[in-house]
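Below is one structure; the comments refer to it alone.
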Amino acid sequence: MQFMMLMIPNVYRGNKQNAGFVPDPEKLKEMGRFNEEFGKAVKILSLNGLHPLQTGVRVSYGKGKPTVTQGPFIETKEVLGGYWLVEAPSKEEMVKWAQRCPADEGDTIEIRQIFGPEDFAK
């Protein structure tokens, strides 16, 4: 089964206050060690951190032409900070690893199973 584990860091909330946020090098090393250990337990297909929402662009669809909004997106309460795309035996295994992640207070990790071809064959 494939899963996407999404990091929603507390520091990316509040938009303008953290416009110049740069991760602590020690926290990056700690996350690197976690990723290395995690990769021994599951097959990591991709993982990356994301720049703060101030550098992003949002394309919204409604009636008529799509609307393009440059970051920051003031109404956003949960902003992705990074992701892991993995193959793992179960959601329970993913929860176990998410609980071991060196996240900061207020951070959230969301785990979502990815639709596979077998899901559409039903």
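For the structure tokens, the naming scheme is as follows: chains receive sequential letters (A, B, ...) according to their order of presentation, residues are indexed from 1 within each chain, and ligands are indexed from 1 in presentation order.
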
All residues 12 Å or closer to Tyr83 (chain A), only C-alpha atoms, same chain fewer than 5 positions away omitted, as a ChimeraX atom specification = /A:3-9,35,44-51,98,108-112

Per DSSP on the backbone, what are the helix (DSSP H, G or I) residues of region 75-106 of chain A, as a ChimeraX atom specification?
-> /A:91-100

Run DSSP on the backbone and give me the residues of chain A it puts in strand (DSSP E), as a PDB file with all heavy atoms, in the first residue's frame.
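Output below, filename out-v9.pdb:
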```
ATOM      1  N   GLN A   2       0.407   2.257  -0.682  1.00  0.00           N
ATOM      2  CA  GLN A   2       1.137   3.522  -0.688  1.00  0.00           C
ATOM      3  C   GLN A   2       0.411   4.531   0.195  1.00  0.00           C
ATOM      4  O   GLN A   2      -0.819   4.579   0.242  1.00  0.00           O
ATOM      5  CB  GLN A   2       1.271   4.070  -2.104  1.00  0.00           C
ATOM      6  CG  GLN A   2       2.217   3.263  -2.959  1.00  0.00           C
ATOM      7  CD  GLN A   2       2.448   3.919  -4.302  1.00  0.00           C
ATOM      8  OE1 GLN A   2       1.749   4.821  -4.725  1.00  0.00           O
ATOM      9  NE2 GLN A   2       3.477   3.438  -4.986  1.00  0.00           N
ATOM     10  N   PHE A   3       1.210   5.319   0.885  1.00  0.00           N
ATOM     11  CA  PHE A   3       0.688   6.345   1.783  1.00  0.00           C
ATOM     12  C   PHE A   3       1.434   7.646   1.557  1.00  0.00           C
ATOM     13  O   PHE A   3       2.613   7.648   1.188  1.00  0.00           O
ATOM     14  CB  PHE A   3       0.891   5.947   3.254  1.00  0.00           C
ATOM     15  CG  PHE A   3       0.108   4.745   3.665  1.00  0.00           C
ATOM     16  CD1 PHE A   3       0.660   3.480   3.565  1.00  0.00           C
ATOM     17  CD2 PHE A   3      -1.178   4.878   4.164  1.00  0.00           C
ATOM     18  CE1 PHE A   3      -0.050   2.356   3.950  1.00  0.00           C
ATOM     19  CE2 PHE A   3      -1.896   3.760   4.559  1.00  0.00           C
ATOM     20  CZ  PHE A   3      -1.335   2.494   4.451  1.00  0.00           C
ATOM     21  N   MET A   4       0.747   8.749   1.817  1.00  0.00           N
ATOM     22  CA  MET A   4       1.387  10.047   1.878  1.00  0.00           C
ATOM     23  C   MET A   4       1.245  10.515   3.313  1.00  0.00           C
ATOM     24  O   MET A   4       0.151  10.492   3.881  1.00  0.00           O
ATOM     25  CB  MET A   4       0.775  11.044   0.920  1.00  0.00           C
ATOM     26  CG  MET A   4       1.509  12.370   0.957  1.00  0.00           C
ATOM     27  SD  MET A   4       1.199  13.397  -0.482  1.00  0.00           S
ATOM     28  CE  MET A   4       2.408  12.725  -1.613  1.00  0.00           C
ATOM     29  N   MET A   5       2.363  10.858   3.911  1.00  0.00           N
ATOM     30  CA  MET A   5       2.383  11.396   5.257  1.00  0.00           C
ATOM     31  C   MET A   5       2.713  12.877   5.103  1.00  0.00           C
ATOM     32  O   MET A   5       3.752  13.231   4.537  1.00  0.00           O
ATOM     33  CB  MET A   5       3.447  10.651   6.090  1.00  0.00           C
ATOM     34  CG  MET A   5       3.329  10.886   7.556  1.00  0.00           C
ATOM     35  SD  MET A   5       4.200   9.629   8.563  1.00  0.00           S
ATOM     36  CE  MET A   5       5.909  10.111   8.372  1.00  0.00           C
ATOM     37  N   LEU A   6       1.812  13.728   5.553  1.00  0.00           N
ATOM     38  CA  LEU A   6       1.912  15.175   5.353  1.00  0.00           C
ATOM     39  C   LEU A   6       2.269  15.870   6.660  1.00  0.00           C
ATOM     40  O   LEU A   6       1.604  15.679   7.671  1.00  0.00           O
ATOM     41  CB  LEU A   6       0.575  15.717   4.839  1.00  0.00           C
ATOM     42  CG  LEU A   6       0.026  15.024   3.597  1.00  0.00           C
ATOM     43  CD1 LEU A   6      -1.434  15.384   3.384  1.00  0.00           C
ATOM     44  CD2 LEU A   6       0.859  15.366   2.393  1.00  0.00           C
ATOM     45  N   MET A   7       3.312  16.693   6.622  1.00  0.00           N
ATOM     46  CA  MET A   7       3.726  17.473   7.794  1.00  0.00           C
ATOM     47  C   MET A   7       3.050  18.836   7.728  1.00  0.00           C
ATOM     48  O   MET A   7       3.164  19.550   6.726  1.00  0.00           O
ATOM     49  CB  MET A   7       5.245  17.645   7.824  1.00  0.00           C
ATOM     50  CG  MET A   7       5.738  18.600   8.896  1.00  0.00           C
ATOM     51  SD  MET A   7       5.327  18.141  10.585  1.00  0.00           S
ATOM     52  CE  MET A   7       6.580  16.928  10.924  1.00  0.00           C
ATOM     53  N   ILE A   8       2.331  19.174   8.782  1.00  0.00           N
ATOM     54  CA  ILE A   8       1.684  20.483   8.896  1.00  0.00           C
ATOM     55  C   ILE A   8       2.335  21.168  10.096  1.00  0.00           C
ATOM     56  O   ILE A   8       1.929  20.965  11.244  1.00  0.00           O
ATOM     57  CB  ILE A   8       0.160  20.326   9.089  1.00  0.00           C
ATOM     58  CG1 ILE A   8      -0.428  19.495   7.940  1.00  0.00           C
ATOM     59  CG2 ILE A   8      -0.514  21.689   9.193  1.00  0.00           C
ATOM     60  CD1 ILE A   8      -1.841  19.013   8.184  1.00  0.00           C
ATOM     61  N   LYS A  43       9.509   1.577   2.319  1.00  0.00           N
ATOM     62  CA  LYS A  43      10.137   2.047   1.077  1.00  0.00           C
ATOM     63  C   LYS A  43       9.710   3.495   0.841  1.00  0.00           C
ATOM     64  O   LYS A  43       8.540   3.774   0.583  1.00  0.00           O
ATOM     65  CB  LYS A  43       9.714   1.178  -0.103  1.00  0.00           C
ATOM     66  CG  LYS A  43      10.352   1.588  -1.402  1.00  0.00           C
ATOM     67  CD  LYS A  43       9.939   0.668  -2.531  1.00  0.00           C
ATOM     68  CE  LYS A  43      10.610   1.092  -3.822  1.00  0.00           C
ATOM     69  NZ  LYS A  43      10.199   0.218  -4.934  1.00  0.00           N
ATOM     70  N   ILE A  44      10.657   4.419   0.961  1.00  0.00           N
ATOM     71  CA  ILE A  44      10.369   5.831   0.725  1.00  0.00           C
ATOM     72  C   ILE A  44      10.494   6.086  -0.776  1.00  0.00           C
ATOM     73  O   ILE A  44      11.562   5.896  -1.363  1.00  0.00           O
ATOM     74  CB  ILE A  44      11.313   6.745   1.522  1.00  0.00           C
ATOM     75  CG1 ILE A  44      11.098   6.543   3.026  1.00  0.00           C
ATOM     76  CG2 ILE A  44      11.094   8.210   1.135  1.00  0.00           C
ATOM     77  CD1 ILE A  44      12.032   7.340   3.916  1.00  0.00           C
ATOM     78  N   LEU A  45       9.391   6.502  -1.395  1.00  0.00           N
ATOM     79  CA  LEU A  45       9.386   6.804  -2.818  1.00  0.00           C
ATOM     80  C   LEU A  45       9.811   8.242  -3.077  1.00  0.00           C
ATOM     81  O   LEU A  45      10.431   8.546  -4.090  1.00  0.00           O
ATOM     82  CB  LEU A  45       7.998   6.548  -3.407  1.00  0.00           C
ATOM     83  CG  LEU A  45       7.448   5.131  -3.192  1.00  0.00           C
ATOM     84  CD1 LEU A  45       6.002   5.040  -3.638  1.00  0.00           C
ATOM     85  CD2 LEU A  45       8.309   4.119  -3.930  1.00  0.00           C
ATOM     86  N   SER A  46       9.466   9.132  -2.156  1.00  0.00           N
ATOM     87  CA  SER A  46       9.830  10.540  -2.278  1.00  0.00           C
ATOM     88  C   SER A  46       9.613  11.205  -0.929  1.00  0.00           C
ATOM     89  O   SER A  46       8.728  10.803  -0.168  1.00  0.00           O
ATOM     90  CB  SER A  46       8.948  11.215  -3.333  1.00  0.00           C
ATOM     91  OG  SER A  46       9.249  12.589  -3.447  1.00  0.00           O
ATOM     92  N   LEU A  47      10.410  12.203  -0.626  1.00  0.00           N
ATOM     93  CA  LEU A  47      10.194  13.029   0.558  1.00  0.00           C
ATOM     94  C   LEU A  47      10.849  14.367   0.329  1.00  0.00           C
ATOM     95  O   LEU A  47      11.882  14.453  -0.328  1.00  0.00           O
ATOM     96  CB  LEU A  47      10.729  12.368   1.830  1.00  0.00           C
ATOM     97  CG  LEU A  47      12.241  12.213   1.993  1.00  0.00           C
ATOM     98  CD1 LEU A  47      12.818  13.398   2.755  1.00  0.00           C
ATOM     99  CD2 LEU A  47      12.538  10.945   2.735  1.00  0.00           C
ATOM    100  N   ASN A  48      10.211  15.394   0.816  1.00  0.00           N
ATOM    101  CA  ASN A  48      10.745  16.742   0.675  1.00  0.00           C
ATOM    102  C   ASN A  48      10.076  17.680   1.647  1.00  0.00           C
ATOM    103  O   ASN A  48       8.948  17.459   2.073  1.00  0.00           O
ATOM    104  CB  ASN A  48      10.531  17.291  -0.745  1.00  0.00           C
ATOM    105  CG  ASN A  48      11.620  16.853  -1.692  1.00  0.00           C
ATOM    106  OD1 ASN A  48      12.783  17.183  -1.489  1.00  0.00           O
ATOM    107  ND2 ASN A  48      11.264  16.100  -2.708  1.00  0.00           N
ATOM    108  N   GLY A  49      10.779  18.755   1.956  1.00  0.00           N
ATOM    109  CA  GLY A  49      10.195  19.854   2.698  1.00  0.00           C
ATOM    110  C   GLY A  49       9.709  20.887   1.696  1.00  0.00           C
ATOM    111  O   GLY A  49      10.156  20.906   0.547  1.00  0.00           O
ATOM    112  N   VAL A  57       1.762  29.870  -4.758  1.00  0.00           N
ATOM    113  CA  VAL A  57       0.683  30.401  -5.586  1.00  0.00           C
ATOM    114  C   VAL A  57      -0.471  29.423  -5.484  1.00  0.00           C
ATOM    115  O   VAL A  57      -0.257  28.207  -5.469  1.00  0.00           O
ATOM    116  CB  VAL A  57       1.118  30.519  -7.070  1.00  0.00           C
ATOM    117  CG1 VAL A  57      -0.036  30.965  -7.941  1.00  0.00           C
ATOM    118  CG2 VAL A  57       2.290  31.458  -7.215  1.00  0.00           C
ATOM    119  N   ARG A  58      -1.674  29.944  -5.392  1.00  0.00           N
ATOM    120  CA  ARG A  58      -2.859  29.095  -5.319  1.00  0.00           C
ATOM    121  C   ARG A  58      -3.742  29.399  -6.526  1.00  0.00           C
ATOM    122  O   ARG A  58      -4.007  30.553  -6.835  1.00  0.00           O
ATOM    123  CB  ARG A  58      -3.615  29.379  -4.031  1.00  0.00           C
ATOM    124  CG  ARG A  58      -4.863  28.551  -3.872  1.00  0.00           C
ATOM    125  CD  ARG A  58      -5.490  28.753  -2.532  1.00  0.00           C
ATOM    126  NE  ARG A  58      -4.685  28.035  -1.550  1.00  0.00           N
ATOM    127  CZ  ARG A  58      -4.915  28.041  -0.255  1.00  0.00           C
ATOM    128  NH1 ARG A  58      -5.908  28.743   0.220  1.00  0.00           N
ATOM    129  NH2 ARG A  58      -4.162  27.355   0.562  1.00  0.00           N
ATOM    130  N   VAL A  59      -4.189  28.343  -7.212  1.00  0.00           N
ATOM    131  CA  VAL A  59      -5.117  28.468  -8.332  1.00  0.00           C
ATOM    132  C   VAL A  59      -6.446  27.890  -7.865  1.00  0.00           C
ATOM    133  O   VAL A  59      -6.523  26.708  -7.525  1.00  0.00           O
ATOM    134  CB  VAL A  59      -4.613  27.720  -9.585  1.00  0.00           C
ATOM    135  CG1 VAL A  59      -5.603  27.857 -10.732  1.00  0.00           C
ATOM    136  CG2 VAL A  59      -3.232  28.240 -10.004  1.00  0.00           C
ATOM    137  N   SER A  60      -7.475  28.738  -7.806  1.00  0.00           N
ATOM    138  CA  SER A  60      -8.804  28.331  -7.325  1.00  0.00           C
ATOM    139  C   SER A  60      -9.776  28.292  -8.496  1.00  0.00           C
ATOM    140  O   SER A  60      -9.733  29.154  -9.386  1.00  0.00           O
ATOM    141  CB  SER A  60      -9.313  29.326  -6.281  1.00  0.00           C
ATOM    142  OG  SER A  60      -8.414  29.425  -5.211  1.00  0.00           O
ATOM    143  N   THR A  67      -8.920  31.554 -10.626  1.00  0.00           N
ATOM    144  CA  THR A  67      -8.348  32.699  -9.937  1.00  0.00           C
ATOM    145  C   THR A  67      -6.971  32.327  -9.407  1.00  0.00           C
ATOM    146  O   THR A  67      -6.805  31.282  -8.783  1.00  0.00           O
ATOM    147  CB  THR A  67      -9.246  33.102  -8.749  1.00  0.00           C
ATOM    148  OG1 THR A  67     -10.555  33.366  -9.241  1.00  0.00           O
ATOM    149  CG2 THR A  67      -8.709  34.317  -8.024  1.00  0.00           C
ATOM    150  N   VAL A  68      -5.993  33.186  -9.642  1.00  0.00           N
ATOM    151  CA  VAL A  68      -4.625  32.958  -9.170  1.00  0.00           C
ATOM    152  C   VAL A  68      -4.350  33.921  -8.019  1.00  0.00           C
ATOM    153  O   VAL A  68      -4.528  35.126  -8.154  1.00  0.00           O
ATOM    154  CB  VAL A  68      -3.602  33.175 -10.310  1.00  0.00           C
ATOM    155  CG1 VAL A  68      -2.182  33.013  -9.789  1.00  0.00           C
ATOM    156  CG2 VAL A  68      -3.879  32.221 -11.461  1.00  0.00           C
ATOM    157  N   THR A  69      -3.917  33.361  -6.873  1.00  0.00           N
ATOM    158  CA  THR A  69      -3.603  34.166  -5.691  1.00  0.00           C
ATOM    159  C   THR A  69      -2.166  33.874  -5.290  1.00  0.00           C
ATOM    160  O   THR A  69      -1.786  32.721  -5.092  1.00  0.00           O
ATOM    161  CB  THR A  69      -4.539  33.804  -4.516  1.00  0.00           C
ATOM    162  OG1 THR A  69      -5.890  33.905  -4.949  1.00  0.00           O
ATOM    163  CG2 THR A  69      -4.295  34.717  -3.331  1.00  0.00           C
ATOM    164  N   GLN A  70      -1.369  34.930  -5.169  1.00  0.00           N
ATOM    165  CA  GLN A  70       0.001  34.788  -4.681  1.00  0.00           C
ATOM    166  C   GLN A  70      -0.040  34.652  -3.168  1.00  0.00           C
ATOM    167  O   GLN A  70      -0.891  35.237  -2.513  1.00  0.00           O
ATOM    168  CB  GLN A  70       0.837  36.021  -5.051  1.00  0.00           C
ATOM    169  CG  GLN A  70       0.922  36.298  -6.532  1.00  0.00           C
ATOM    170  CD  GLN A  70       1.757  35.279  -7.281  1.00  0.00           C
ATOM    171  OE1 GLN A  70       2.720  34.733  -6.756  1.00  0.00           O
ATOM    172  NE2 GLN A  70       1.386  34.994  -8.506  1.00  0.00           N
ATOM    173  N   GLY A  82       5.891  19.749   4.388  1.00  0.00           N
ATOM    174  CA  GLY A  82       6.667  18.693   3.769  1.00  0.00           C
ATOM    175  C   GLY A  82       5.846  17.424   3.668  1.00  0.00           C
ATOM    176  O   GLY A  82       4.706  17.368   4.137  1.00  0.00           O
ATOM    177  N   TYR A  83       6.434  16.420   3.028  1.00  0.00           N
ATOM    178  CA  TYR A  83       5.707  15.172   2.829  1.00  0.00           C
ATOM    179  C   TYR A  83       6.655  13.994   2.697  1.00  0.00           C
ATOM    180  O   TYR A  83       7.839  14.155   2.407  1.00  0.00           O
ATOM    181  CB  TYR A  83       4.836  15.255   1.570  1.00  0.00           C
ATOM    182  CG  TYR A  83       5.671  15.293   0.311  1.00  0.00           C
ATOM    183  CD1 TYR A  83       6.021  14.114  -0.347  1.00  0.00           C
ATOM    184  CD2 TYR A  83       6.148  16.493  -0.198  1.00  0.00           C
ATOM    185  CE1 TYR A  83       6.816  14.144  -1.481  1.00  0.00           C
ATOM    186  CE2 TYR A  83       6.941  16.526  -1.323  1.00  0.00           C
ATOM    187  CZ  TYR A  83       7.270  15.352  -1.962  1.00  0.00           C
ATOM    188  OH  TYR A  83       8.071  15.383  -3.078  1.00  0.00           O
ATOM    189  N   TRP A  84       6.112  12.818   2.935  1.00  0.00           N
ATOM    190  CA  TRP A  84       6.770  11.543   2.668  1.00  0.00           C
ATOM    191  C   TRP A  84       5.802  10.743   1.803  1.00  0.00           C
ATOM    192  O   TRP A  84       4.624  10.620   2.153  1.00  0.00           O
ATOM    193  CB  TRP A  84       6.999  10.745   3.937  1.00  0.00           C
ATOM    194  CG  TRP A  84       7.893  11.336   4.972  1.00  0.00           C
ATOM    195  CD1 TRP A  84       9.209  11.041   5.177  1.00  0.00           C
ATOM    196  CD2 TRP A  84       7.543  12.265   6.003  1.00  0.00           C
ATOM    197  NE1 TRP A  84       9.687  11.742   6.269  1.00  0.00           N
ATOM    198  CE2 TRP A  84       8.679  12.503   6.787  1.00  0.00           C
ATOM    199  CE3 TRP A  84       6.357  12.926   6.336  1.00  0.00           C
ATOM    200  CZ2 TRP A  84       8.678  13.361   7.871  1.00  0.00           C
ATOM    201  CZ3 TRP A  84       6.345  13.790   7.410  1.00  0.00           C
ATOM    202  CH2 TRP A  84       7.509  14.001   8.166  1.00  0.00           C
ATOM    203  N   LEU A  85       6.241  10.195   0.705  1.00  0.00           N
ATOM    204  CA  LEU A  85       5.451   9.280  -0.107  1.00  0.00           C
ATOM    205  C   LEU A  85       6.118   7.925   0.044  1.00  0.00           C
ATOM    206  O   LEU A  85       7.296   7.766  -0.294  1.00  0.00           O
ATOM    207  CB  LEU A  85       5.453   9.723  -1.574  1.00  0.00           C
ATOM    208  CG  LEU A  85       4.754   8.814  -2.570  1.00  0.00           C
ATOM    209  CD1 LEU A  85       3.286   8.638  -2.219  1.00  0.00           C
ATOM    210  CD2 LEU A  85       4.909   9.366  -3.975  1.00  0.00           C
ATOM    211  N   VAL A  86       5.391   6.945   0.606  1.00  0.00           N
ATOM    212  CA  VAL A  86       6.013   5.678   0.971  1.00  0.00           C
ATOM    213  C   VAL A  86       5.135   4.487   0.602  1.00  0.00           C
ATOM    214  O   VAL A  86       3.925   4.627   0.399  1.00  0.00           O
ATOM    215  CB  VAL A  86       6.329   5.612   2.485  1.00  0.00           C
ATOM    216  CG1 VAL A  86       7.168   6.780   2.930  1.00  0.00           C
ATOM    217  CG2 VAL A  86       5.062   5.530   3.309  1.00  0.00           C
ATOM    218  N   GLU A  87       5.776   3.333   0.548  1.00  0.00           N
ATOM    219  CA  GLU A  87       5.074   2.053   0.493  1.00  0.00           C
ATOM    220  C   GLU A  87       5.267   1.420   1.860  1.00  0.00           C
ATOM    221  O   GLU A  87       6.395   1.305   2.340  1.00  0.00           O
ATOM    222  CB  GLU A  87       5.660   1.159  -0.589  1.00  0.00           C
ATOM    223  CG  GLU A  87       5.299   1.604  -1.981  1.00  0.00           C
ATOM    224  CD  GLU A  87       5.844   0.681  -3.058  1.00  0.00           C
ATOM    225  OE1 GLU A  87       6.502  -0.336  -2.748  1.00  0.00           O
ATOM    226  OE2 GLU A  87       5.622   0.999  -4.236  1.00  0.00           O
ATOM    227  N   THR A 108       1.431  18.912  13.243  1.00  0.00           N
ATOM    228  CA  THR A 108       0.480  17.843  12.957  1.00  0.00           C
ATOM    229  C   THR A 108       1.008  17.029  11.790  1.00  0.00           C
ATOM    230  O   THR A 108       1.564  17.593  10.847  1.00  0.00           O
ATOM    231  CB  THR A 108      -0.904  18.429  12.578  1.00  0.00           C
ATOM    232  OG1 THR A 108      -1.379  19.218  13.666  1.00  0.00           O
ATOM    233  CG2 THR A 108      -1.902  17.347  12.237  1.00  0.00           C
ATOM    234  N   ILE A 109       0.824  15.719  11.846  1.00  0.00           N
ATOM    235  CA  ILE A 109       1.131  14.854  10.709  1.00  0.00           C
ATOM    236  C   ILE A 109      -0.165  14.164  10.306  1.00  0.00           C
ATOM    237  O   ILE A 109      -0.850  13.576  11.136  1.00  0.00           O
ATOM    238  CB  ILE A 109       2.208  13.811  11.047  1.00  0.00           C
ATOM    239  CG1 ILE A 109       3.545  14.518  11.279  1.00  0.00           C
ATOM    240  CG2 ILE A 109       2.333  12.778   9.929  1.00  0.00           C
ATOM    241  CD1 ILE A 109       4.672  13.590  11.655  1.00  0.00           C
ATOM    242  N   GLU A 110      -0.481  14.278   9.034  1.00  0.00           N
ATOM    243  CA  GLU A 110      -1.671  13.625   8.482  1.00  0.00           C
ATOM    244  C   GLU A 110      -1.214  12.480   7.591  1.00  0.00           C
ATOM    245  O   GLU A 110      -0.280  12.629   6.804  1.00  0.00           O
ATOM    246  CB  GLU A 110      -2.468  14.639   7.659  1.00  0.00           C
ATOM    247  CG  GLU A 110      -3.738  14.081   7.069  1.00  0.00           C
ATOM    248  CD  GLU A 110      -4.551  15.133   6.336  1.00  0.00           C
ATOM    249  OE1 GLU A 110      -4.499  16.323   6.718  1.00  0.00           O
ATOM    250  OE2 GLU A 110      -5.238  14.761   5.374  1.00  0.00           O
ATOM    251  N   ILE A 111      -1.881  11.337   7.725  1.00  0.00           N
ATOM    252  CA  ILE A 111      -1.537  10.152   6.933  1.00  0.00           C
ATOM    253  C   ILE A 111      -2.714   9.824   6.041  1.00  0.00           C
ATOM    254  O   ILE A 111      -3.843   9.683   6.525  1.00  0.00           O
ATOM    255  CB  ILE A 111      -1.218   8.956   7.852  1.00  0.00           C
ATOM    256  CG1 ILE A 111      -0.032   9.309   8.752  1.00  0.00           C
ATOM    257  CG2 ILE A 111      -0.947   7.703   7.032  1.00  0.00           C
ATOM    258  CD1 ILE A 111       0.146   8.369   9.918  1.00  0.00           C
ATOM    259  N   ARG A 112      -2.453   9.697   4.736  1.00  0.00           N
ATOM    260  CA  ARG A 112      -3.505   9.385   3.775  1.00  0.00           C
ATOM    261  C   ARG A 112      -3.058   8.246   2.879  1.00  0.00           C
ATOM    262  O   ARG A 112      -1.942   8.264   2.375  1.00  0.00           O
ATOM    263  CB  ARG A 112      -3.793  10.605   2.899  1.00  0.00           C
ATOM    264  CG  ARG A 112      -4.099  11.896   3.643  1.00  0.00           C
ATOM    265  CD  ARG A 112      -5.526  12.039   4.072  1.00  0.00           C
ATOM    266  NE  ARG A 112      -6.456  12.045   2.978  1.00  0.00           N
ATOM    267  CZ  ARG A 112      -6.811  13.136   2.297  1.00  0.00           C
ATOM    268  NH1 ARG A 112      -6.292  14.307   2.595  1.00  0.00           N
ATOM    269  NH2 ARG A 112      -7.687  13.041   1.324  1.00  0.00           N
ATOM    270  N   GLN A 113      -3.934   7.262   2.688  1.00  0.00           N
ATOM    271  CA  GLN A 113      -3.625   6.174   1.759  1.00  0.00           C
ATOM    272  C   GLN A 113      -3.886   6.678   0.350  1.00  0.00           C
ATOM    273  O   GLN A 113      -4.833   7.422   0.095  1.00  0.00           O
ATOM    274  CB  GLN A 113      -4.488   4.946   2.053  1.00  0.00           C
ATOM    275  CG  GLN A 113      -4.078   3.758   1.220  1.00  0.00           C
ATOM    276  CD  GLN A 113      -4.794   2.479   1.625  1.00  0.00           C
ATOM    277  OE1 GLN A 113      -5.468   2.433   2.641  1.00  0.00           O
ATOM    278  NE2 GLN A 113      -4.630   1.461   0.829  1.00  0.00           N
TER     279      GLN A 113
END
```

Selected residue of minimal separation from Val42 (chain A) among A:Gly71, A:Pro89, A:Gly116, A:Pro66, counting only C-alpha atoms |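 Counting only C-alpha atoms, the residue closest to Val42 (chain A) is A:Pro89.
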
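Rounded to one decimal, CA of Leu53 (chain A) and CA of Glu78 (chain A) lie 10.2 Å from each other.
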
Closest of A:Ala88, A:Met31, A:Met1, A:Leu80 to Pro102 (chain A) - atom-to-atom distances counting only C-alpha atoms | A:Met31
